[in-house]
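Reviewing the structure listed below.
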Amino acid sequence: MRNMIKKVIVPVLVIAVLFAVLRPLCIQDGKCNYLLLLLLMGIPFGIGKMCVWMVPRGFDLGGTLAVWTMNFLIGGLIGSVVLLAMIGQAIIYLSVFLLTVITGIHKIPRIK
């Protein structure tokens with residue numbers, strides 16, 4: 001049950017909260033831009049996975065903001081892949097769990 005909480009419930013709750021918070025920011029012309037939403041949702045997952053940060057040195061304000069924006073874009077791209085992998089892992093883990101439960105119920109001897 002601990003693996004179920006760690007691998008399915010917590011990631012799904014985090015993704016649902018991020019979706020609820022960030023979706024209003026991605027509404028354009030009455031429609032949701034899902035590519036932008038995926039990029040924004042990936043930032044919290046990707047920033048921690050980035051191996052190299054570009055550190056702005058010797059830039060003015062515009063250059064520094066551009067470097068930080070590039071860091072967040074790269075983090076969002078990496079994080080979107082991690083996010084999709086987490087969703088896939090949750091689906092696979094949940095399907096294996098349900099298959100195990102159904103198989104276990106099926107193998108219970110019938111009491112007459």
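Following the order of the structure tokens, chains are lettered A, B, ..., residues in each are numbered from 1, and ligands are numbered from 1.
Note that DSSP on the backbone gives strand (DSSP E or B) to these residues of range 21-110 of chain A: Ile27, Gln28, Lys31 and Cys32 of chain A.
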> In chain A, what's alpha helix (DSSP H) per DSSP? Answer as number ranges by chain?
Replying inline: A: 2-4, 10-22, 34-46, 61-106
> Which residues come within 7 Å of range 77-87 of chain A, counting only C-alpha atoms, excluding same-chain residues fewer than 2 positions away, as a ChimeraX atom specification?
Replying inline: /A:38-39,41-46,73-75,89-91
I need the chosen residues saved as a PDB file, in the first residue's frame, with N, CA, C and O atoms.
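New file again29.pdb:
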ATOM      1  N   LEU A  38       1.575  22.155 -20.408  1.00  0.00           N
ATOM      2  CA  LEU A  38       2.523  21.073 -20.154  1.00  0.00           C
ATOM      3  C   LEU A  38       3.897  21.627 -19.819  1.00  0.00           C
ATOM      4  O   LEU A  38       4.583  21.126 -18.917  1.00  0.00           O
ATOM      5  N   LEU A  39       4.303  22.679 -20.507  1.00  0.00           N
ATOM      6  CA  LEU A  39       5.597  23.303 -20.240  1.00  0.00           C
ATOM      7  C   LEU A  39       5.627  23.912 -18.835  1.00  0.00           C
ATOM      8  O   LEU A  39       6.596  23.732 -18.092  1.00  0.00           O
ATOM      9  N   MET A  41       3.668  23.090 -16.273  1.00  0.00           N
ATOM     10  CA  MET A  41       3.557  22.033 -15.274  1.00  0.00           C
ATOM     11  C   MET A  41       4.866  21.262 -15.129  1.00  0.00           C
ATOM     12  O   MET A  41       5.133  20.666 -14.084  1.00  0.00           O
ATOM     13  N   GLY A  42       5.697  21.274 -16.148  1.00  0.00           N
ATOM     14  CA  GLY A  42       6.960  20.554 -16.095  1.00  0.00           C
ATOM     15  C   GLY A  42       8.054  21.273 -15.345  1.00  0.00           C
ATOM     16  O   GLY A  42       9.048  20.658 -14.953  1.00  0.00           O
ATOM     17  N   ILE A  43       7.907  22.570 -15.130  1.00  0.00           N
ATOM     18  CA  ILE A  43       8.973  23.338 -14.470  1.00  0.00           C
ATOM     19  C   ILE A  43       9.310  22.791 -13.080  1.00  0.00           C
ATOM     20  O   ILE A  43      10.480  22.581 -12.781  1.00  0.00           O
ATOM     21  N   PRO A  44       8.344  22.511 -12.191  1.00  0.00           N
ATOM     22  CA  PRO A  44       8.732  21.991 -10.869  1.00  0.00           C
ATOM     23  C   PRO A  44       9.427  20.629 -10.933  1.00  0.00           C
ATOM     24  O   PRO A  44      10.259  20.315 -10.096  1.00  0.00           O
ATOM     25  N   PHE A  45       9.099  19.818 -11.933  1.00  0.00           N
ATOM     26  CA  PHE A  45       9.717  18.504 -12.049  1.00  0.00           C
ATOM     27  C   PHE A  45      11.072  18.577 -12.744  1.00  0.00           C
ATOM     28  O   PHE A  45      11.941  17.751 -12.502  1.00  0.00           O
ATOM     29  N   GLY A  46      11.264  19.545 -13.625  1.00  0.00           N
ATOM     30  CA  GLY A  46      12.478  19.606 -14.423  1.00  0.00           C
ATOM     31  C   GLY A  46      13.605  20.392 -13.808  1.00  0.00           C
ATOM     32  O   GLY A  46      14.776  20.118 -14.078  1.00  0.00           O
ATOM     33  N   LEU A  73      12.868  27.495 -19.349  1.00  0.00           N
ATOM     34  CA  LEU A  73      12.376  26.785 -20.535  1.00  0.00           C
ATOM     35  C   LEU A  73      12.980  25.389 -20.623  1.00  0.00           C
ATOM     36  O   LEU A  73      12.275  24.408 -20.903  1.00  0.00           O
ATOM     37  N   ILE A  74      14.283  25.287 -20.403  1.00  0.00           N
ATOM     38  CA  ILE A  74      14.924  23.977 -20.447  1.00  0.00           C
ATOM     39  C   ILE A  74      14.395  23.100 -19.316  1.00  0.00           C
ATOM     40  O   ILE A  74      14.114  21.906 -19.510  1.00  0.00           O
ATOM     41  N   GLY A  75      14.216  23.676 -18.134  1.00  0.00           N
ATOM     42  CA  GLY A  75      13.636  22.928 -17.015  1.00  0.00           C
ATOM     43  C   GLY A  75      12.219  22.468 -17.318  1.00  0.00           C
ATOM     44  O   GLY A  75      11.823  21.357 -16.966  1.00  0.00           O
ATOM     45  N   GLN A  89       3.984   5.777 -15.538  1.00  0.00           N
ATOM     46  CA  GLN A  89       4.320   4.876 -14.454  1.00  0.00           C
ATOM     47  C   GLN A  89       3.109   4.663 -13.541  1.00  0.00           C
ATOM     48  O   GLN A  89       2.844   3.545 -13.107  1.00  0.00           O
ATOM     49  N   ALA A  90       2.361   5.719 -13.272  1.00  0.00           N
ATOM     50  CA  ALA A  90       1.172   5.595 -12.426  1.00  0.00           C
ATOM     51  C   ALA A  90       0.110   4.722 -13.101  1.00  0.00           C
ATOM     52  O   ALA A  90      -0.515   3.886 -12.449  1.00  0.00           O
ATOM     53  N   ILE A  91      -0.058   4.888 -14.414  1.00  0.00           N
ATOM     54  CA  ILE A  91      -1.044   4.072 -15.139  1.00  0.00           C
ATOM     55  C   ILE A  91      -0.637   2.606 -15.121  1.00  0.00           C
ATOM     56  O   ILE A  91      -1.461   1.724 -14.869  1.00  0.00           O
TER      57      ILE A  91
END
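If you look at CA of Met1 in chain A and CA of Ile105 in chain A, they are 17.3 Å away from each other.
The space between CA of Trp68 in chain A and CA of Val55 in chain A spans 8.1 Å.
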>> Nearest residue to Gly76 in chain A out of A:Ile108, A:Val52, A:Leu36, A:Leu61, using only C-alpha atoms?
In response: A:Leu36
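Coordinates place CA of Val14 in chain A at a distance of 21.9 Å from CA of Leu98 in chain A.
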